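With PDB, C-alpha atoms and all ligand atoms inside, this is model18.pdb:
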```pdb
ATOM      1  CA  MET A   1       0.000   0.000   0.000
ATOM      2  CA  THR A   2       1.389   3.429  -0.883
ATOM      3  CA  THR A   3       1.474   5.959   1.893
ATOM      4  CA  ASN A   4      -0.440   9.129   1.490
ATOM      5  CA  ILE A   5       1.517  12.333   1.981
ATOM      6  CA  ASN A   6      -1.019  13.593   4.505
ATOM      7  CA  GLU A   7      -0.405  10.476   6.578
ATOM      8  CA  MET A   8       3.338  11.071   6.428
ATOM      9  CA  ILE A   9       2.941  14.677   7.514
ATOM     10  CA  PRO A  10      -0.577  15.501   8.759
ATOM     11  CA  GLU A  11       0.183  19.270   8.798
ATOM     12  CA  LEU A  12       0.222  19.145   4.988
ATOM     13  CA  SER A  13      -3.563  18.936   5.109
ATOM     14  CA  ASN A  14      -3.799  22.249   6.996
ATOM     15  CA  PRO A  15      -6.115  24.701   5.195
ATOM     16  CA  SER A  16      -3.215  27.099   4.524
ATOM     17  CA  VAL A  17      -1.288  24.493   2.496
ATOM     18  CA  TYR A  18      -1.352  24.394  -1.314
ATOM     19  CA  MET A  19       0.713  22.087  -3.509
ATOM     20  CA  ARG A  20       0.744  21.880  -7.288
ATOM     21  CA  ASP A  21       2.102  18.344  -7.186
ATOM     22  CA  PRO A  22       1.731  16.538  -3.835
ATOM     23  CA  GLN A  23       3.134  13.352  -5.351
ATOM     24  CA  ARG A  24       6.358  15.169  -6.203
ATOM     25  CA  VAL A  25       6.560  16.632  -2.683
ATOM     26  CA  GLN A  26       6.190  13.126  -1.311
ATOM     27  CA  GLU A  27       8.992  11.828  -3.531
ATOM     28  CA  ILE A  28      11.353  14.632  -2.521
ATOM     29  CA  LEU A  29      10.582  14.105   1.164
ATOM     30  CA  GLN A  30      11.092  10.353   0.942
ATOM     31  CA  SER A  31      14.347  10.787  -0.905
ATOM     32  CA  MET A  32      15.617  13.318   1.634
ATOM     33  CA  MET A  33      14.491  11.148   4.521
ATOM     34  CA  LYS A  34      16.357   8.171   3.076
ATOM     35  CA  ALA A  35      19.545  10.214   2.668
ATOM     36  CA  GLY A  36      19.481  11.063   6.376
ATOM     37  CA  SER A  37      19.555  14.265   8.390
ATOM     38  CA  ASN A  38      23.340  14.466   8.187
ATOM     39  CA  THR A  39      22.922  15.355   4.499
ATOM     40  CA  LEU A  40      20.441  18.163   5.170
ATOM     41  CA  GLN A  41      20.910  21.921   5.253
ATOM     42  CA  VAL A  42      18.323  24.668   5.667
ATOM     43  CA  ILE A  43      18.430  27.912   3.712
ATOM     44  CA  SER A  44      15.868  30.480   4.756
ATOM     45  CA  ASP A  45      14.933  34.037   3.990
ATOM     46  CA  PHE A  46      14.351  36.233   7.043
ATOM     47  CA  ASP A  47      11.797  39.021   6.664
ATOM     48  CA  MET A  48       8.248  37.749   6.306
ATOM     49  CA  THR A  49       9.523  34.153   6.186
ATOM     50  CA  LEU A  50      10.968  33.602   9.658
ATOM     51  CA  THR A  51       9.183  36.710  10.917
ATOM     52  CA  ARG A  52       5.448  37.329  10.937
ATOM     53  CA  PHE A  53       3.764  39.334   8.220
ATOM     54  CA  GLU A  54       0.788  40.264  10.406
ATOM     55  CA  TYR A  55      -0.124  40.221  14.061
ATOM     56  CA  ASN A  56      -3.577  41.158  15.367
ATOM     57  CA  GLY A  57      -4.479  42.561  11.962
ATOM     58  CA  LYS A  58      -1.423  44.838  11.875
ATOM     59  CA  ARG A  59       1.551  44.523   9.531
ATOM     60  CA  CYS A  60       4.772  43.507  11.251
ATOM     61  CA  PRO A  61       8.056  45.259  10.443
ATOM     62  CA  THR A  62      10.927  44.062   8.262
ATOM     63  CA  CYS A  63      14.536  44.662   9.420
ATOM     64  CA  HIS A  64      14.491  47.972   7.579
ATOM     65  CA  ASN A  65      11.133  48.939   9.076
ATOM     66  CA  ILE A  66      12.450  48.239  12.589
ATOM     67  CA  LEU A  67      14.932  51.050  12.033
ATOM     68  CA  ASP A  68      12.517  53.216  10.007
ATOM     69  CA  GLU A  69      10.083  53.256  12.916
ATOM     70  CA  SER A  70      12.635  53.579  15.730
ATOM     71  CA  GLN A  71      13.823  56.538  17.756
ATOM     72  CA  LEU A  72      17.098  56.372  15.843
ATOM     73  CA  ILE A  73      15.449  58.173  12.901
ATOM     74  CA  SER A  74      14.266  61.789  12.823
ATOM     75  CA  GLU A  75      10.635  62.609  11.971
ATOM     76  CA  ASP A  76      11.661  63.861   8.520
ATOM     77  CA  GLY A  77      13.739  60.752   7.927
ATOM     78  CA  LYS A  78      10.744  58.581   8.873
ATOM     79  CA  GLU A  79       8.566  60.426   6.339
ATOM     80  CA  GLU A  80      11.091  59.902   3.574
ATOM     81  CA  LEU A  81      11.595  56.222   4.365
ATOM     82  CA  LYS A  82       7.825  55.695   4.467
ATOM     83  CA  GLU A  83       7.520  57.344   1.061
ATOM     84  CA  LEU A  84      10.170  55.024  -0.352
ATOM     85  CA  LEU A  85       8.306  52.022   1.074
ATOM     86  CA  ASN A  86       5.007  53.223  -0.402
ATOM     87  CA  THR A  87       6.645  53.711  -3.787
ATOM     88  CA  TYR A  88       8.731  50.592  -4.112
ATOM     89  CA  TYR A  89       7.041  47.830  -2.089
ATOM     90  CA  PRO A  90       4.077  47.689  -4.526
ATOM     91  CA  ILE A  91       6.630  47.232  -7.322
ATOM     92  CA  GLU A  92       8.428  44.461  -5.400
ATOM     93  CA  ILE A  93       5.245  42.378  -5.202
ATOM     94  CA  ASP A  94       3.672  43.377  -8.541
ATOM     95  CA  SER A  95       3.072  40.183 -10.500
ATOM     96  CA  SER A  96       2.459  42.044 -13.766
ATOM     97  CA  GLN A  97       6.098  43.202 -14.009
ATOM     98  CA  SER A  98       8.998  40.882 -14.757
ATOM     99  CA  ILE A  99      11.836  40.472 -12.272
ATOM    100  CA  GLU A 100      14.132  41.882 -14.956
ATOM    101  CA  ASP A 101      12.122  45.100 -15.132
ATOM    102  CA  LYS A 102      11.990  45.369 -11.356
ATOM    103  CA  LEU A 103      15.716  44.850 -10.811
ATOM    104  CA  PRO A 104      16.929  48.441 -11.329
ATOM    105  CA  LEU A 105      14.032  49.746  -9.246
ATOM    106  CA  MET A 106      14.901  47.471  -6.346
ATOM    107  CA  VAL A 107      18.540  48.609  -6.482
ATOM    108  CA  GLU A 108      17.190  52.171  -6.445
ATOM    109  CA  TRP A 109      15.024  51.460  -3.353
ATOM    110  CA  TRP A 110      17.774  49.832  -1.308
ATOM    111  CA  THR A 111      20.343  52.452  -2.355
ATOM    112  CA  LYS A 112      18.095  55.398  -1.456
ATOM    113  CA  ALA A 113      17.035  53.810   1.832
ATOM    114  CA  HIS A 114      20.613  53.022   2.845
ATOM    115  CA  GLU A 115      21.724  56.561   1.975
ATOM    116  CA  LEU A 116      18.943  57.937   4.147
ATOM    117  CA  LEU A 117      19.876  55.633   7.018
ATOM    118  CA  ILE A 118      23.497  56.778   6.779
ATOM    119  CA  GLN A 119      22.398  60.434   6.917
ATOM    120  CA  GLN A 120      20.620  59.651  10.192
ATOM    121  CA  LYS A 121      23.912  58.951  11.954
ATOM    122  CA  ILE A 122      22.531  55.810  13.551
ATOM    123  CA  ARG A 123      24.419  54.641  16.604
ATOM    124  CA  LYS A 124      25.410  51.003  16.986
ATOM    125  CA  ASP A 125      24.515  51.047  20.670
ATOM    126  CA  GLY A 126      20.930  52.056  19.858
ATOM    127  CA  ILE A 127      20.157  48.951  17.819
ATOM    128  CA  ALA A 128      19.328  46.567  20.647
ATOM    129  CA  THR A 129      16.787  49.035  22.054
ATOM    130  CA  ALA A 130      15.273  49.675  18.610
ATOM    131  CA  VAL A 131      14.780  45.927  18.141
ATOM    132  CA  GLY A 132      13.473  45.460  21.685
ATOM    133  CA  GLU A 133      10.904  48.224  21.271
ATOM    134  CA  SER A 134       9.788  47.081  17.808
ATOM    135  CA  GLU A 135       6.789  44.967  16.879
ATOM    136  CA  ALA A 136       8.961  42.433  15.044
ATOM    137  CA  LYS A 137       7.943  38.878  15.804
ATOM    138  CA  LEU A 138       9.314  35.555  14.736
ATOM    139  CA  ARG A 139       6.608  33.217  13.501
ATOM    140  CA  GLU A 140       4.882  30.964  15.977
ATOM    141  CA  GLY A 141       6.904  27.783  16.432
ATOM    142  CA  TYR A 142      10.272  29.526  15.991
ATOM    143  CA  GLN A 143      11.666  28.077  19.221
ATOM    144  CA  LEU A 144      11.077  24.500  18.123
ATOM    145  CA  PHE A 145      12.414  25.297  14.668
ATOM    146  CA  PHE A 146      15.731  26.762  15.809
ATOM    147  CA  ASP A 147      16.246  24.502  18.838
ATOM    148  CA  HIS A 148      15.506  21.307  16.961
ATOM    149  CA  LEU A 149      17.808  22.152  14.049
ATOM    150  CA  HIS A 150      20.515  23.037  16.554
ATOM    151  CA  GLU A 151      20.063  19.795  18.501
ATOM    152  CA  HIS A 152      20.427  17.847  15.271
ATOM    153  CA  SER A 153      23.443  19.925  14.133
ATOM    154  CA  ILE A 154      21.735  20.931  10.906
ATOM    155  CA  PRO A 155      23.249  24.081   9.416
ATOM    156  CA  VAL A 156      20.838  26.952   8.927
ATOM    157  CA  LEU A 157      21.707  29.757   6.539
ATOM    158  CA  ILE A 158      19.599  32.888   6.949
ATOM    159  CA  PHE A 159      19.898  34.703   3.648
ATOM    160  CA  SER A 160      18.397  38.144   3.880
ATOM    161  CA  ALA A 161      18.155  41.308   1.840
ATOM    162  CA  GLY A 162      17.362  42.991   5.146
ATOM    163  CA  ILE A 163      19.986  44.252   7.584
ATOM    164  CA  GLY A 164      22.299  41.689   9.195
ATOM    165  CA  ASP A 165      22.886  43.654  12.403
ATOM    166  CA  ILE A 166      19.148  43.972  12.974
ATOM    167  CA  LEU A 167      18.207  40.397  12.170
ATOM    168  CA  GLU A 168      20.984  39.020  14.363
ATOM    169  CA  GLU A 169      19.648  41.140  17.206
ATOM    170  CA  VAL A 170      16.098  39.827  16.624
ATOM    171  CA  ILE A 171      17.169  36.188  16.848
ATOM    172  CA  HIS A 172      19.565  36.948  19.687
ATOM    173  CA  GLN A 173      16.803  38.587  21.759
ATOM    174  CA  ALA A 174      14.563  35.609  20.997
ATOM    175  CA  GLY A 175      17.301  33.324  22.364
ATOM    176  CA  VAL A 176      17.675  31.275  19.189
ATOM    177  CA  PHE A 177      20.908  32.542  17.651
ATOM    178  CA  HIS A 178      22.558  29.143  17.993
ATOM    179  CA  PRO A 179      26.013  28.298  16.598
ATOM    180  CA  ASN A 180      24.533  26.322  13.667
ATOM    181  CA  VAL A 181      23.018  29.565  12.295
ATOM    182  CA  LYS A 182      24.920  31.569   9.719
ATOM    183  CA  VAL A 183      23.771  34.827   8.137
ATOM    184  CA  PHE A 184      24.282  36.362   4.686
ATOM    185  CA  SER A 185      22.895  39.867   4.664
ATOM    186  CA  ASN A 186      23.645  43.574   4.405
ATOM    187  CA  TYR A 187      25.809  44.534   7.363
ATOM    188  CA  MET A 188      26.286  48.030   8.708
ATOM    189  CA  ASP A 189      29.730  49.589   8.857
ATOM    190  CA  PHE A 190      30.280  51.868  11.865
ATOM    191  CA  ASP A 191      33.043  54.434  12.369
ATOM    192  CA  GLU A 192      35.266  54.456  15.467
ATOM    193  CA  ASP A 193      32.606  56.423  17.364
ATOM    194  CA  GLY A 194      30.007  53.742  16.656
ATOM    195  CA  VAL A 195      28.109  55.809  14.072
ATOM    196  CA  LEU A 196      26.803  54.246  10.838
ATOM    197  CA  LYS A 197      29.000  55.329   7.946
ATOM    198  CA  ALA A 198      28.224  52.789   5.194
ATOM    199  CA  PHE A 199      26.991  49.297   4.410
ATOM    200  CA  LYS A 200      29.581  46.563   3.906
ATOM    201  CA  GLY A 201      30.172  44.525   0.772
ATOM    202  CA  GLU A 202      27.936  43.937  -2.202
ATOM    203  CA  LEU A 203      24.324  45.018  -1.777
ATOM    204  CA  ILE A 204      21.863  42.153  -1.423
ATOM    205  CA  HIS A 205      18.376  43.082  -2.570
ATOM    206  CA  VAL A 206      15.317  40.942  -3.039
ATOM    207  CA  TYR A 207      16.129  39.889  -6.616
ATOM    208  CA  ASN A 208      19.908  39.312  -6.618
ATOM    209  CA  LYS A 209      20.231  36.511  -4.085
ATOM    210  CA  ARG A 210      21.671  34.234  -6.776
ATOM    211  CA  GLU A 211      24.660  36.580  -7.152
ATOM    212  CA  GLY A 212      24.979  36.751  -3.356
ATOM    213  CA  ALA A 213      24.981  32.958  -3.156
ATOM    214  CA  LEU A 214      27.644  32.649  -5.829
ATOM    215  CA  LEU A 215      29.904  35.079  -3.967
ATOM    216  CA  ASN A 216      29.917  32.742  -0.970
ATOM    217  CA  THR A 217      31.348  29.590  -2.490
ATOM    218  CA  GLY A 218      33.427  28.932   0.645
ATOM    219  CA  HIS A 219      30.316  28.440   2.753
ATOM    220  CA  PHE A 220      28.752  26.008   0.307
ATOM    221  CA  GLN A 221      32.070  24.214  -0.109
ATOM    222  CA  GLU A 222      32.088  23.561   3.641
ATOM    223  CA  LEU A 223      28.581  22.119   3.375
ATOM    224  CA  ARG A 224      29.271  19.943   0.325
ATOM    225  CA  THR A 225      28.397  16.794   2.261
ATOM    226  CA  ARG A 226      24.864  18.147   2.671
ATOM    227  CA  PRO A 227      23.328  18.073  -0.810
ATOM    228  CA  ASN A 228      19.716  18.060   0.452
ATOM    229  CA  VAL A 229      18.175  21.448   0.968
ATOM    230  CA  LEU A 230      15.087  22.758   2.692
ATOM    231  CA  LEU A 231      14.544  26.246   1.264
ATOM    232  CA  MET A 232      12.096  28.720   2.790
ATOM    233  CA  GLY A 233      11.120  32.091   1.374
ATOM    234  CA  ASP A 234       8.304  34.552   0.834
ATOM    235  CA  SER A 235       9.435  36.168  -2.406
ATOM    236  CA  LEU A 236      10.031  34.690  -5.844
ATOM    237  CA  GLY A 237      13.516  36.211  -5.446
ATOM    238  CA  ASP A 238      14.191  33.767  -2.618
ATOM    239  CA  LEU A 239      14.091  30.814  -5.020
ATOM    240  CA  THR A 240      17.699  31.455  -6.078
ATOM    241  CA  MET A 241      19.134  31.368  -2.534
ATOM    242  CA  ALA A 242      20.368  27.797  -2.991
ATOM    243  CA  ASP A 243      22.089  28.465  -6.325
ATOM    244  CA  GLY A 244      25.503  28.130  -4.662
ATOM    245  CA  VAL A 245      24.825  24.645  -3.274
ATOM    246  CA  GLN A 246      27.274  22.135  -4.706
ATOM    247  CA  ASP A 247      26.042  18.891  -6.284
ATOM    248  CA  MET A 248      22.524  19.405  -5.011
ATOM    249  CA  GLU A 249      20.514  16.199  -4.776
ATOM    250  CA  ASN A 250      17.105  17.272  -3.545
ATOM    251  CA  ILE A 251      15.532  20.590  -2.734
ATOM    252  CA  LEU A 252      12.176  21.145  -1.077
ATOM    253  CA  LYS A 253      10.943  24.713  -1.414
ATOM    254  CA  ILE A 254       8.416  26.119   1.024
ATOM    255  CA  GLY A 255       6.971  29.525   0.154
ATOM    256  CA  PHE A 256       4.959  31.846   2.367
ATOM    257  CA  LEU A 257       2.389  33.760   0.335
ATOM    258  CA  ASN A 258       1.478  36.654   2.602
ATOM    259  CA  ASP A 259       0.202  39.440   0.392
ATOM    260  CA  LYS A 260      -1.727  39.855  -2.895
ATOM    261  CA  VAL A 261      -2.703  36.204  -2.596
ATOM    262  CA  GLU A 262      -5.074  35.791  -5.526
ATOM    263  CA  GLU A 263      -2.831  37.598  -8.026
ATOM    264  CA  ARG A 264       0.282  35.695  -7.046
ATOM    265  CA  LYS A 265      -0.988  32.222  -6.123
ATOM    266  CA  GLN A 266      -0.383  30.606  -9.489
ATOM    267  CA  SER A 267       3.183  31.861  -9.791
ATOM    268  CA  TYR A 268       3.939  30.656  -6.261
ATOM    269  CA  LEU A 269       2.399  27.255  -6.978
ATOM    270  CA  ASP A 270       4.508  27.016 -10.130
ATOM    271  CA  SER A 271       7.766  27.677  -8.304
ATOM    272  CA  TYR A 272       7.425  26.584  -4.663
ATOM    273  CA  ASP A 273       6.706  22.919  -3.843
ATOM    274  CA  ILE A 274       4.602  23.858  -0.814
ATOM    275  CA  VAL A 275       2.805  27.206  -0.642
ATOM    276  CA  LEU A 276       1.555  28.472   2.709
ATOM    277  CA  VAL A 277      -1.180  31.035   2.255
ATOM    278  CA  LYS A 278      -1.569  33.589   5.036
ATOM    279  CA  ASP A 279      -0.057  31.153   7.515
ATOM    280  CA  GLU A 280       1.672  33.014  10.355
ATOM    281  CA  THR A 281       3.195  29.867  11.857
ATOM    282  CA  LEU A 282       6.181  27.626  11.260
ATOM    283  CA  ASP A 283       3.974  24.568  11.811
ATOM    284  CA  VAL A 284       4.523  23.141   8.336
ATOM    285  CA  PRO A 285       8.307  23.736   8.178
ATOM    286  CA  ASN A 286       8.548  22.262  11.688
ATOM    287  CA  ALA A 287       6.570  19.176  10.670
ATOM    288  CA  VAL A 288       8.845  18.732   7.645
ATOM    289  CA  VAL A 289      11.976  19.133   9.762
ATOM    290  CA  LEU A 290      10.651  16.671  12.366
ATOM    291  CA  TYR A 291       9.873  14.181   9.617
ATOM    292  CA  LEU A 292      13.369  14.503   8.188
ATOM    293  CA  THR A 293      15.261  14.202  11.483
TER     294      THR A 293
HETATM  295  O1  LIG B 301      14.944  39.150   4.632
HETATM  296  P1  LIG B 301      14.427  39.550   3.284
HETATM  297  O2  LIG B 301      15.347  39.161   2.165
HETATM  298  O3  LIG B 301      13.027  39.134   3.078
HETATM  299  O4  LIG B 301      14.439  41.175   3.353
HETATM  300  C1  LIG B 301      14.001  41.982   2.343
HETATM  301  C2  LIG B 301      12.670  42.641   2.586
HETATM  302  O5  LIG B 301      12.886  43.930   3.178
HETATM  303  C3  LIG B 301      11.991  42.898   1.270
HETATM  304  O6  LIG B 301      10.980  41.958   1.024
HETATM  305  C4  LIG B 301      11.465  44.342   1.351
HETATM  306  O7  LIG B 301      10.054  44.414   1.265
HETATM  307  C5  LIG B 301      11.928  44.850   2.702
HETATM  308  N1  LIG B 301      12.537  46.184   2.610
HETATM  309  C6  LIG B 301      12.071  47.200   3.424
HETATM  310  N2  LIG B 301      12.639  48.456   3.356
HETATM  311  C7  LIG B 301      13.667  48.699   2.526
HETATM  312  C8  LIG B 301      14.173  47.665   1.709
HETATM  313  C9  LIG B 301      13.570  46.403   1.789
HETATM  314  O8  LIG B 301      11.137  46.979   4.191
HETATM  315  N3  LIG B 301      14.200  49.907   2.490
HETATM  316 MG    MG B 302      11.381  38.028   2.792
END
```
As a first step, turn the structure in this file into structure tokens.
Amino acid sequence: MTTNINEMIPELSNPSVYMRDPQRVQEILQSMMKAGSNTLQVISDFDMTLTRFEYNGKRCPTCHNILDESQLISEDGKEELKELLNTYYPIEIDSSQSIEDKLPLMVEWWTKAHELLIQQKIRKDGIATAVGESEAKLREGYQLFFDHLHEHSIPVLIFSAGIGDILEEVIHQAGVFHPNVKVFSNYMDFDEDGVLKAFKGELIHVYNKREGALLNTGHFQELRTRPNVLLMGDSLGDLTMADGVQDMENILKIGFLNDKVEERKQSYLDSYDIVLVKDETLDVPNAVVLYLT
């Protein structure tokens, strides 16, 4: 008798779960399970993937928004950052424009926002307070997610177009920044007085994660004995996060579809193996991880 995927992982029959090809998901899971958890690595986006999109009907902040809304930014600066968000976020999630067309506009958004942040003379020692006072929230089930992966020594790469300093502080304050977690992101560069003067390295925005992955060959070289990947994202740009993985054997892609659901559902179903629609929890990723370990 063939097992049904919903018997393997009951959470896959949750009402938030959509799959174009459940049979294929089952095959990937079985193949990954057979290979063993010592061949597994997790690659996850941060904003709106590990963190909540909404809480009590209110939008939750991204790394950038944590700063935008903090006391580290002047009232005028807040206005300008809000305007940038209102201009460019609709473009980021617009399914009628190609990623190619959006690329220069995303570079423009990140560049303008980072310039504004630098003008604000943000102090390094204000970041912990800004994060502590923010409404940022990791998705329900985050503790199990991070603790379990740590206990099983499974490497977790958080690959974010947000701000590394902020996201590290979020997971640190939540008590889940374990040694198996590594971060690729945009990091702030402070001067000797602890004032933001620039951002380090190549800019990572929402649609150039492939380039970011290919710049980090050393990391993927270290993980070459782990050719099975669980990828988690909320943007179609997140699908390229595993492009640096060497000799990949299996990849299971879980996508959170948080916003503009009807317009974007088909494209998410076409590219993610499991689509979670307006699901604010990590229940499904946790069930997958528990199955695989
Ligand atoms: O962690 P992740 O890669 O998801 O971070 C990128 C997110 O940050 C984007 O989805 C974008 O909406 C958001 N962003 C923002 N403000 C900016 C630039 C990006 O909220 N200035
Ligand atoms: Mg995201």
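Residue nearest ligand LIG 301 (chain B), chosen from A:Asp238, A:Glu133, A:Glu169, A:Glu202 and counting all atoms listed in the file: A:Asp238.
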Using only C-alpha atoms, what table do you get, as JSON lines, when you list each residue of stretch 21-128 of chain A with an atom no more than 12 Å from stretch 151-167 of chain A, its nearest pair of atoms, and their distance in Å rounded to one decimal, rows by chain then rising number?
```
{"residue": "A:Gly36", "atom": "CA", "partner": "A:Ile154", "partner_atom": "CA", "distance": 11.1}
{"residue": "A:Ser37", "atom": "CA", "partner": "A:Ile154", "partner_atom": "CA", "distance": 7.5}
{"residue": "A:Asn38", "atom": "CA", "partner": "A:Ile154", "partner_atom": "CA", "distance": 7.2}
{"residue": "A:Thr39", "atom": "CA", "partner": "A:Ile154", "partner_atom": "CA", "distance": 8.6}
{"residue": "A:Leu40", "atom": "CA", "partner": "A:Ile154", "partner_atom": "CA", "distance": 6.5}
{"residue": "A:Gln41", "atom": "CA", "partner": "A:Pro155", "partner_atom": "CA", "distance": 5.2}
{"residue": "A:Val42", "atom": "CA", "partner": "A:Val156", "partner_atom": "CA", "distance": 4.7}
{"residue": "A:Ile43", "atom": "CA", "partner": "A:Leu157", "partner_atom": "CA", "distance": 4.7}
{"residue": "A:Ser44", "atom": "CA", "partner": "A:Ile158", "partner_atom": "CA", "distance": 5.0}
{"residue": "A:Asp45", "atom": "CA", "partner": "A:Phe159", "partner_atom": "CA", "distance": 5.0}
{"residue": "A:Phe46", "atom": "CA", "partner": "A:Ser160", "partner_atom": "CA", "distance": 5.5}
{"residue": "A:Asp47", "atom": "CA", "partner": "A:Gly162", "partner_atom": "CA", "distance": 7.0}
{"residue": "A:Met48", "atom": "CA", "partner": "A:Ser160", "partner_atom": "CA", "distance": 10.4}
{"residue": "A:Thr49", "atom": "CA", "partner": "A:Ser160", "partner_atom": "CA", "distance": 10.0}
{"residue": "A:Leu50", "atom": "CA", "partner": "A:Ile158", "partner_atom": "CA", "distance": 9.1}
{"residue": "A:Thr51", "atom": "CA", "partner": "A:Leu167", "partner_atom": "CA", "distance": 9.8}
{"residue": "A:Pro61", "atom": "CA", "partner": "A:Gly162", "partner_atom": "CA", "distance": 10.9}
{"residue": "A:Thr62", "atom": "CA", "partner": "A:Gly162", "partner_atom": "CA", "distance": 7.2}
{"residue": "A:Cys63", "atom": "CA", "partner": "A:Gly162", "partner_atom": "CA", "distance": 5.4}
{"residue": "A:His64", "atom": "CA", "partner": "A:Gly162", "partner_atom": "CA", "distance": 6.2}
{"residue": "A:Asn65", "atom": "CA", "partner": "A:Gly162", "partner_atom": "CA", "distance": 9.5}
{"residue": "A:Ile66", "atom": "CA", "partner": "A:Ile166", "partner_atom": "CA", "distance": 8.0}
{"residue": "A:Leu67", "atom": "CA", "partner": "A:Ile166", "partner_atom": "CA", "distance": 8.3}
{"residue": "A:Asp68", "atom": "CA", "partner": "A:Ile166", "partner_atom": "CA", "distance": 11.8}
{"residue": "A:Ser70", "atom": "CA", "partner": "A:Ile166", "partner_atom": "CA", "distance": 11.9}
{"residue": "A:Met106", "atom": "CA", "partner": "A:Ala161", "partner_atom": "CA", "distance": 10.8}
{"residue": "A:Val107", "atom": "CA", "partner": "A:Ala161", "partner_atom": "CA", "distance": 11.1}
{"residue": "A:Trp109", "atom": "CA", "partner": "A:Ala161", "partner_atom": "CA", "distance": 11.8}
{"residue": "A:Trp110", "atom": "CA", "partner": "A:Ala161", "partner_atom": "CA", "distance": 9.1}
{"residue": "A:Ala113", "atom": "CA", "partner": "A:Gly162", "partner_atom": "CA", "distance": 11.3}
{"residue": "A:His114", "atom": "CA", "partner": "A:Ile163", "partner_atom": "CA", "distance": 10.0}
{"residue": "A:Leu117", "atom": "CA", "partner": "A:Ile163", "partner_atom": "CA", "distance": 11.4}
{"residue": "A:Arg123", "atom": "CA", "partner": "A:Asp165", "partner_atom": "CA", "distance": 11.9}
{"residue": "A:Lys124", "atom": "CA", "partner": "A:Asp165", "partner_atom": "CA", "distance": 9.0}
{"residue": "A:Asp125", "atom": "CA", "partner": "A:Asp165", "partner_atom": "CA", "distance": 11.2}
{"residue": "A:Gly126", "atom": "CA", "partner": "A:Ile166", "partner_atom": "CA", "distance": 10.8}
{"residue": "A:Ile127", "atom": "CA", "partner": "A:Ile166", "partner_atom": "CA", "distance": 7.0}
{"residue": "A:Ala128", "atom": "CA", "partner": "A:Ile166", "partner_atom": "CA", "distance": 8.1}
```
Fill in: Residues within 7 Å of (20.9, 31.6, -7.6), counting only C-alpha atoms, listed as number ranges by chain
A: 209-211, 213, 240-244
So which residues get picked by the PyMOL selection byres (((chain A and resi 252-254) around 8) and not hetatm) here, written as a ChimeraX atom specification? /A:25,28-29,229-233,239,250-251,255-256,272-276,285
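The result of the PyMOL selection byres (((chain A and resi 30) around 12) and not hetatm) on the shown file is Thr3, Asn4, Ile5, Met8, Ile9, Gln23, Arg24, Val25, Gln26, Glu27, Ile28, Leu29, Ser31, Met32, Met33, Lys34, Ala35, Gly36, Ser37, Asn228, Asn250, Ile251, Leu252, Val288, Tyr291, Leu292 and Thr293 of chain A.
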One decimal place gives the atom CA of A:Glu83-atom CA of A:Phe190 separation as 25.8 Å
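Atom pair atom CA of A:Glu75 / atom CA of A:Pro104 has a distance of 28.0 Å (rounded to one decimal).
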One decimal place gives the atom CA of A:Gln71-atom CA of A:Ala130 separation as 7.1 Å
Who sits within 12 Å of A:Glu54, only C-alpha atoms, same chain under 6 positions skipped, as a PyMOL selection string = chain A and resi 47-48+60-62+135-140+258-259+278-281
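Across A:Val131, A:Leu12, A:Met19, A:Leu214, the tightest approach to A:Leu72 is made by A:Val131 when counting only C-alpha atoms.
Of the listed residues A:Asp189, A:Glu79, A:Glu92, A:Asp21, the one whose atoms come nearest to ligand MG 302 (chain B) is A:Glu92, with distances taken using all atoms listed in the file.
Counting all atoms listed in the file and comparing A:Val195, A:Val170, A:Val206, A:Leu105, the residue that lies closest to ligand MG 302 (chain B) is A:Val206.
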If you count all atoms listed in the file, the residue of A:Lys82, A:Lys197, A:His172, A:Lys102 closest to ligand LIG 301 (chain B) turns out to be A:Lys82
Restricting to all atoms listed in the file, whichever of A:Val245, A:Glu222, A:Ser95, A:Asp76 is closest to A:Gln266 is A:Ser95
Can you find the residues with an atom no farther than 10 Å from (31.1, 58.4, 3.1), counting only C-alpha atoms, and report them as a PDB file with C-alpha atoms, in the frame of the given file?
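Writing the result to out-v1.pdb gives the following:
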```pdb
ATOM      1  CA  GLU A 115      21.724  56.561   1.975  1.00  0.00           C
ATOM      2  CA  ILE A 118      23.497  56.778   6.779  1.00  0.00           C
ATOM      3  CA  GLN A 119      22.398  60.434   6.917  1.00  0.00           C
ATOM      4  CA  LEU A 196      26.803  54.246  10.838  1.00  0.00           C
ATOM      5  CA  LYS A 197      29.000  55.329   7.946  1.00  0.00           C
ATOM      6  CA  ALA A 198      28.224  52.789   5.194  1.00  0.00           C
TER       7      ALA A 198
END
```
Listed atoms of ligand LIG 301 (chain B), axis-aligned box, 5 Å per side: centre and edge lengths to one decimal in Å, as lines of an AutoDock Vina configuration file?
```
center_x = 12.7
center_y = 44.5
center_z = 2.8
size_x = 15.3
size_y = 20.8
size_z = 13.6
```
